[in-house]
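Visitor: File follows, structure_13.tsv with TSV, C-alpha atoms:
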chain	number	residue	atom	x	y	z
A	1	MET	CA	125.25	136.92	86.93
A	2	LEU	CA	127.45	137.91	89.85
A	3	ASP	CA	127.71	137.00	93.51
A	4	ASP	CA	129.13	140.43	94.32
A	5	GLN	CA	126.54	143.16	94.46
A	6	PRO	CA	127.39	146.44	92.70
A	7	ILE	CA	128.52	149.44	94.66
A	8	VAL	CA	125.64	151.93	94.84
A	9	LEU	CA	126.41	155.57	95.60
A	10	GLU	CA	123.35	157.70	96.23
A	11	PRO	CA	123.21	161.49	95.95
A	12	GLY	CA	123.46	162.87	99.46
A	13	HIS	CA	120.97	165.70	99.14
A	14	ALA	CA	117.97	164.33	97.27
A	15	THR	CA	116.28	161.24	95.89
A	16	ALA	CA	118.03	160.11	92.72
A	17	ASN	CA	116.36	161.05	89.44
A	18	ALA	CA	119.21	159.95	87.16
A	19	CYS	CA	121.73	157.12	87.12
A	20	VAL	CA	125.21	156.40	85.79
A	21	ILE	CA	126.24	152.75	85.50
A	22	TRP	CA	130.05	152.71	85.30
A	23	LEU	CA	132.09	149.62	84.32
A	24	HIS	CA	135.74	149.10	85.29
A	25	GLY	CA	138.47	147.59	83.13
A	26	LEU	CA	140.12	144.18	83.08
A	27	GLY	CA	141.51	143.01	86.43
A	28	ALA	CA	140.00	145.87	88.43
A	29	ASP	CA	136.67	146.01	90.29
A	30	GLY	CA	133.87	148.46	90.99
A	31	HIS	CA	135.97	150.30	93.58
A	32	ASP	CA	138.36	151.40	90.82
A	33	PHE	CA	136.08	154.26	89.78
A	34	GLU	CA	134.53	154.98	93.17
A	35	PRO	CA	136.70	158.12	93.64
A	36	ILE	CA	135.47	159.54	90.35
A	37	VAL	CA	132.06	160.34	91.79
A	38	ASP	CA	133.46	163.14	93.96
A	39	ALA	CA	136.05	164.10	91.34
A	40	LEU	CA	133.30	164.85	88.81
A	41	LYS	CA	132.08	167.66	91.09
A	42	LEU	CA	128.58	167.53	89.73
A	43	PRO	CA	126.44	170.44	90.94
A	44	SER	CA	124.26	169.90	93.99
A	45	SER	CA	121.19	170.50	91.83
A	46	MET	CA	121.77	167.13	90.17
A	47	ALA	CA	120.62	163.95	91.89
A	48	VAL	CA	122.62	161.16	90.25
A	49	ARG	CA	122.90	157.61	91.53
A	50	PHE	CA	126.14	155.83	90.55
A	51	ILE	CA	126.15	152.06	90.08
A	52	LEU	CA	129.62	150.50	90.03
A	53	PRO	CA	129.33	146.77	89.26
A	54	HIS	CA	132.07	144.17	89.66
A	55	ALA	CA	132.94	141.90	86.74
A	56	PRO	CA	132.94	138.15	87.51
A	57	MET	CA	136.11	136.22	88.24
A	58	MET	CA	137.22	134.16	85.25
A	59	PRO	CA	140.37	132.81	83.59
A	60	VAL	CA	141.71	135.21	80.96
A	61	THR	CA	143.51	133.56	78.06
A	62	ILE	CA	146.00	136.34	77.30
A	63	ASN	CA	147.08	136.29	80.94
A	64	ASN	CA	147.94	132.57	80.80
A	65	GLY	CA	144.54	131.63	82.16
A	66	TYR	CA	145.04	133.59	85.37
A	67	VAL	CA	141.72	134.11	87.13
A	68	MET	CA	140.75	137.77	87.51
A	69	ARG	CA	137.77	140.04	87.17
A	70	ALA	CA	136.84	140.31	83.50
A	71	TRP	CA	133.72	141.22	81.58
A	72	TYR	CA	134.70	138.62	78.95
A	73	ASP	CA	137.69	136.55	77.92
A	74	ILE	CA	140.39	137.95	75.63
A	75	PRO	CA	141.67	135.06	73.50
A	76	THR	CA	144.55	136.86	71.80
A	77	MET	CA	146.88	139.80	72.29
A	78	ASP	CA	145.29	141.29	69.17
A	79	ILE	CA	142.19	142.54	70.96
A	80	GLY	CA	140.73	143.60	67.66
A	81	GLY	CA	140.95	139.99	66.42
A	82	ALA	CA	139.20	136.93	67.85
A	83	GLN	CA	136.55	137.93	70.37
A	84	ASP	CA	134.61	136.18	73.12
A	85	ALA	CA	131.16	136.89	71.68
A	86	ALA	CA	129.36	134.78	74.28
A	87	GLY	CA	131.12	136.57	77.13
A	88	ILE	CA	130.42	140.02	75.71
A	89	ARG	CA	126.75	139.20	75.27
A	90	ARG	CA	126.54	137.71	78.76
A	91	SER	CA	127.90	140.92	80.29
A	92	ALA	CA	125.60	143.01	78.12
A	93	ARG	CA	122.60	141.08	79.44
A	94	TYR	CA	123.76	141.74	82.99
A	95	ILE	CA	124.07	145.48	82.33
A	96	GLY	CA	120.63	145.35	80.74
A	97	GLU	CA	119.32	143.83	83.99
A	98	LEU	CA	120.90	146.68	85.97
A	99	ILE	CA	119.21	149.20	83.68
A	100	GLU	CA	115.85	147.48	84.13
A	101	GLN	CA	116.32	147.52	87.90
A	102	GLN	CA	116.85	151.28	87.82
A	103	ILE	CA	113.75	151.76	85.68
A	104	GLU	CA	111.75	149.72	88.21
A	105	LEU	CA	113.09	151.99	90.95
A	106	GLY	CA	111.66	155.01	89.14
A	107	ILE	CA	114.59	156.27	87.04
A	108	ALA	CA	113.45	157.00	83.48
A	109	CYS	CA	115.54	155.16	80.89
A	110	GLU	CA	116.21	158.53	79.21
A	111	ARG	CA	118.09	159.53	82.37
A	112	ILE	CA	120.38	156.49	82.54
A	113	VAL	CA	123.96	156.81	81.29
A	114	LEU	CA	126.32	153.90	80.65
A	115	ALA	CA	130.03	154.57	81.13
A	116	GLY	CA	133.02	152.30	80.95
A	117	PHE	CA	136.79	152.14	80.76
A	118	SER	CA	138.75	149.78	78.49
A	119	GLN	CA	137.02	146.37	78.59
A	120	GLY	CA	134.15	147.97	80.47
A	121	GLY	CA	133.93	150.61	77.75
A	122	ALA	CA	133.60	147.90	75.13
A	123	VAL	CA	130.72	146.36	77.06
A	124	VAL	CA	128.83	149.63	77.46
A	125	LEU	CA	129.23	150.43	73.77
A	126	TYR	CA	127.92	147.00	72.84
A	127	THR	CA	125.03	147.27	75.30
A	128	ALA	CA	123.91	150.85	74.71
A	129	LEU	CA	123.77	150.63	70.93
A	130	ARG	CA	121.59	147.52	71.12
A	131	PHE	CA	119.38	148.39	74.09
A	132	ASP	CA	115.70	148.52	73.16
A	133	GLN	CA	114.85	151.65	75.16
A	134	PRO	CA	116.38	155.13	74.66
A	135	LEU	CA	119.23	155.87	77.07
A	136	ALA	CA	120.64	159.25	78.10
A	137	GLY	CA	124.12	158.57	76.73
A	138	VAL	CA	127.23	156.44	76.72
A	139	VAL	CA	130.79	157.28	77.79
A	140	ALA	CA	133.51	155.17	76.15
A	141	LEU	CA	137.00	155.58	77.63
A	142	SER	CA	140.20	154.08	76.23
A	143	THR	CA	138.30	151.35	74.45
A	144	TYR	CA	137.23	149.83	71.13
A	145	LEU	CA	134.05	148.63	69.41
A	146	PRO	CA	133.43	144.91	70.05
A	147	LEU	CA	131.70	142.69	67.51
A	148	ALA	CA	131.58	145.65	65.14
A	149	ALA	CA	130.55	143.52	62.16
A	150	LYS	CA	127.26	142.70	63.91
A	151	LEU	CA	126.29	146.28	64.72
A	152	GLU	CA	124.40	147.11	61.53
A	153	GLN	CA	122.10	144.10	61.97
A	154	GLU	CA	121.73	144.34	65.76
A	155	LYS	CA	121.59	148.05	66.56
A	156	SER	CA	118.47	149.48	68.16
A	157	PRO	CA	116.67	152.33	66.40
A	158	ASN	CA	115.79	153.69	69.84
A	159	ASN	CA	119.46	154.51	70.46
A	160	GLN	CA	120.48	155.54	66.95
A	161	HIS	CA	120.90	159.12	68.15
A	162	ILE	CA	122.31	158.42	71.60
A	163	PRO	CA	124.84	161.02	72.83
A	164	LEU	CA	128.20	159.27	72.64
A	165	LEU	CA	131.34	160.60	74.33
A	166	TYR	CA	134.52	158.80	73.22
A	167	LEU	CA	137.84	159.74	74.86
A	168	HIS	CA	141.19	158.11	74.14
A	169	GLY	CA	144.88	158.59	74.81
A	170	ALA	CA	147.33	158.81	71.92
A	171	GLN	CA	149.95	156.93	73.98
A	172	ASP	CA	147.66	154.02	74.88
A	173	ALA	CA	149.67	150.80	74.56
A	174	VAL	CA	146.83	148.52	75.73
A	175	VAL	CA	144.09	149.64	73.35
A	176	PRO	CA	146.07	151.14	70.45
A	177	LEU	CA	144.85	154.40	68.97
A	178	GLN	CA	144.31	152.63	65.65
A	179	LEU	CA	141.56	150.51	67.21
A	180	ALA	CA	139.85	153.55	68.68
A	181	LEU	CA	139.99	155.41	65.37
A	182	LEU	CA	138.57	152.37	63.62
A	183	ALA	CA	135.76	152.23	66.18
A	184	ARG	CA	135.00	155.90	65.66
A	185	SER	CA	134.91	155.42	61.90
A	186	ARG	CA	132.59	152.42	62.11
A	187	LEU	CA	130.26	154.23	64.48
A	188	GLU	CA	130.04	157.20	62.16
A	189	GLU	CA	129.45	154.91	59.19
A	190	GLN	CA	126.43	153.55	61.07
A	191	GLY	CA	125.06	157.05	61.55
A	192	TYR	CA	126.13	157.73	65.14
A	193	THR	CA	127.37	161.16	66.16
A	194	VAL	CA	130.59	160.66	68.10
A	195	ASP	CA	131.78	163.36	70.50
A	196	TRP	CA	135.46	162.44	70.16
A	197	GLN	CA	138.49	163.81	71.96
A	198	LEU	CA	142.09	162.60	71.78
A	199	TYR	CA	144.60	163.31	74.57
A	200	ASP	CA	148.11	163.50	73.13
A	201	ASP	CA	150.13	162.53	76.22
A	202	LEU	CA	147.71	160.08	77.81
A	203	PRO	CA	148.56	156.36	78.17
A	204	HIS	CA	145.97	153.73	79.17
A	205	GLY	CA	144.20	155.55	81.97
A	206	VAL	CA	141.87	158.38	82.88
A	207	SER	CA	143.30	161.88	83.29
A	208	PRO	CA	141.98	164.84	85.33
A	209	ALA	CA	141.28	166.61	82.04
A	210	GLU	CA	139.07	163.70	80.99
A	211	VAL	CA	137.23	163.78	84.30
A	212	GLN	CA	136.44	167.46	83.76
A	213	ARG	CA	135.29	166.73	80.22
A	214	ILE	CA	133.03	163.90	81.42
A	215	SER	CA	131.54	166.14	84.11
A	216	ARG	CA	130.58	168.82	81.59
A	217	TRP	CA	129.18	166.20	79.23
A	218	LEU	CA	127.10	164.50	81.94
A	219	GLN	CA	125.62	167.81	82.98
A	220	SER	CA	124.76	168.57	79.37
A	221	VAL	CA	123.03	165.27	78.55
A	222	LEU	CA	121.15	165.03	81.85
A	223	GLU	CA	119.87	168.59	81.61
A	224	ARG	CA	118.21	167.77	78.29
A	225	VAL	CA	115.54	165.59	79.87
Written as structure tokens, that's how I'd like the structure from this file.

Guide:
Amino acid sequence: MLDDQPIVLEPGHATANACVIWLHGLGADGHDFEPIVDALKLPSSMAVRFILPHAPMMPVTINNGYVMRAWYDIPTMDIGGAQDAAGIRRSARYIGELIEQQIELGIACERIVLAGFSQGGAVVLYTALRFDQPLAGVVALSTYLPLAAKLEQEKSPNNQHIPLLYLHGAQDAVVPLQLALLARSRLEEQGYTVDWQLYDDLPHGVSPAEVQRISRWLQSVLERV
């Protein structure tokens, strides 16, 4: 899908036995979340490989067709409205390929976590809930549920009980809280257990408190298997 190869950060002390694939938001690139690997302060007993892919360059409609890194086009300022279904599915296939590559390298699918921020969070939600092998978990940050109407028909029974961490800021002006609450409601209606946390003073971004929360959650889900 992409000419740019993902950033791969290996654990320094041991051969990786788990993997986190982390997607950036609109207009950023894989380097955006590179500092988070150290900030998570995962214990040395864990051997986690981080994969930080770059979205392709494409014109984005809401930005007057300006070419930037995007996982899919956004046709309207109402991001909960018209959606680029083909683009979302194309990115989901690419993430699926990254997962398969990690499995081929010896990482069990049950030890692979998908994480994403904003547009990247939408892609990992879409991908994880439809993936045909059980994953370790999914982290959705400051995001929404894309193509929600299709979930009931397309969801994979192998990830019906996937651990799902959903964090959002109450002051988010890019992905309004209403969209996140709607996503949470729809997920719960479909039988998913959502580990939800709202940060009252947080705009569209990732806070140190969220990083600490993600670290604890990652340790919890990866210690289960």

Visitor: Under the rule that all atoms listed in the file are counted, which of A:Pro157, A:Pro134, A:Pro75, A:Pro43 is the nearest residue to Ile103 (chain A)?

Guide: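 Closest residue, counting all atoms listed in the file: A:Pro134.
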
Visitor: What are the closest atom pairs, with distances in Å to one decimal, for all residues of region 70-164 of chain A lying within 12 Å of region 169-176 of chain A? Consider all atoms listed in the file, order rows by chain and residue number, and present the result as a Markdown table.

Guide:
| residue | atom | partner | partner_atom | distance |
| --- | --- | --- | --- | --- |
| A:Met77 | CA | A:Val174 | CA | 9.4 |
| A:Asp78 | CA | A:Val175 | CA | 9.4 |
| A:Ile79 | CA | A:Val175 | CA | 7.7 |
| A:Gly80 | CA | A:Val175 | CA | 9.0 |
| A:Phe117 | CA | A:Val175 | CA | 10.7 |
| A:Ser118 | CA | A:Val175 | CA | 7.4 |
| A:Gln119 | CA | A:Val175 | CA | 9.4 |
| A:Gly121 | CA | A:Val175 | CA | 11.1 |
| A:Ala122 | CA | A:Val175 | CA | 10.8 |
| A:Ala140 | CA | A:Gly169 | CA | 11.9 |
| A:Leu141 | CA | A:Gly169 | CA | 8.9 |
| A:Ser142 | CA | A:Val175 | CA | 6.6 |
| A:Thr143 | CA | A:Val175 | CA | 6.1 |
| A:Tyr144 | CA | A:Val175 | CA | 7.2 |
| A:Leu145 | CA | A:Val175 | CA | 10.8 |

Visitor: Counting all atoms listed in the file, figure out which residue out of A:Val123, A:Pro35, A:Glu223, A:Met68 gets nearest to Asp84 (chain A).

Guide: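 Of all the options, A:Val123 lies closest to Asp84 (chain A).
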
Visitor: Per residue of region 104-209 of chain A within 10 Å of region 52-63 of chain A, which atom pair is closest and at what distance in Å (one decimal), using only C-alpha atoms, listed by chain and increasing number, as CSV?

Guide:
residue,atom,partner,partner_atom,distance
A:Ala115,CA,A:Leu52,CA,9.8
A:Gly116,CA,A:Leu52,CA,9.9
A:Gly120,CA,A:Ala55,CA,8.8

Visitor: For a cut-off of 6 Å around (126.7, 165.8, 74.2), file coordinates, pick out all residues using all atoms listed in the file and list them as a list in words.

Guide: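 So the residues meeting the distance criterion are Pro163, Trp217 and Val221 of chain A.
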
Visitor: Which distance in Å separates CA of Arg111 (chain A) and CA of Gly87 (chain A), to one decimal?

Guide: 26.9 Å

Visitor: Rounded to one decimal place, report the CA of Gln133 (chain A)-CA of Leu187 (chain A) distance in Å.

Guide: 18.9 Å

Visitor: Can you tell me which residues surround Ile112 (chain A) at a distance of at most 8 Å, considering only C-alpha atoms, apart from same-chain residues fewer than 4 positions away, and format the answer as a PyMOL selection string?

Guide: chain A and resi 18-21+99+107-108+135-137

Visitor: Kindly export the residues of the current selection with C-alpha atoms, as a CSV table (one decimal), keeping the file's coordinate frame.

Guide:
chain,number,residue,atom,x,y,z
A,18,ALA,CA,119.2,160.0,87.2
A,19,CYS,CA,121.7,157.1,87.1
A,20,VAL,CA,125.2,156.4,85.8
A,21,ILE,CA,126.2,152.8,85.5
A,99,ILE,CA,119.2,149.2,83.7
A,107,ILE,CA,114.6,156.3,87.0
A,108,ALA,CA,113.4,157.0,83.5
A,135,LEU,CA,119.2,155.9,77.1
A,136,ALA,CA,120.6,159.2,78.1
A,137,GLY,CA,124.1,158.6,76.7

Visitor: What separation in Å, quoted to one decimal, exists between CA of Tyr166 (chain A) and CA of Leu98 (chain A)?

Guide: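 That distance, rounded to one decimal, is 22.2 Å.
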
Visitor: So which one's closest to Gln83 (chain A), A:Ser185, A:Ala149, A:Gly65, A:Thr127? Using all atoms listed in the file, please.

Guide: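 Smallest distance to Gln83 (chain A) is found for A:Ala149.
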
Visitor: Determine the nearest neighbour of Gly25 (chain A) from the options A:Leu202, A:Ile95, A:Ala70, A:Leu177, counting all atoms listed in the file.

Guide: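 With all atoms listed in the file as the atom set, the closest residue is A:Ala70.
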
Visitor: Looking at all atoms listed in the file, which of A:Pro146, A:Glu104, A:Met46, A:His161 is the one that sits closest to Ile74 (chain A)?

Guide: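 Distance minimum relative to Ile74 (chain A) lands on A:Pro146.
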
Visitor: Which of these residues is nearest to Asp195 (chain A), using only C-alpha atoms: A:Val211, A:Leu222, A:Val138, A:Leu40?

Guide: A:Val138
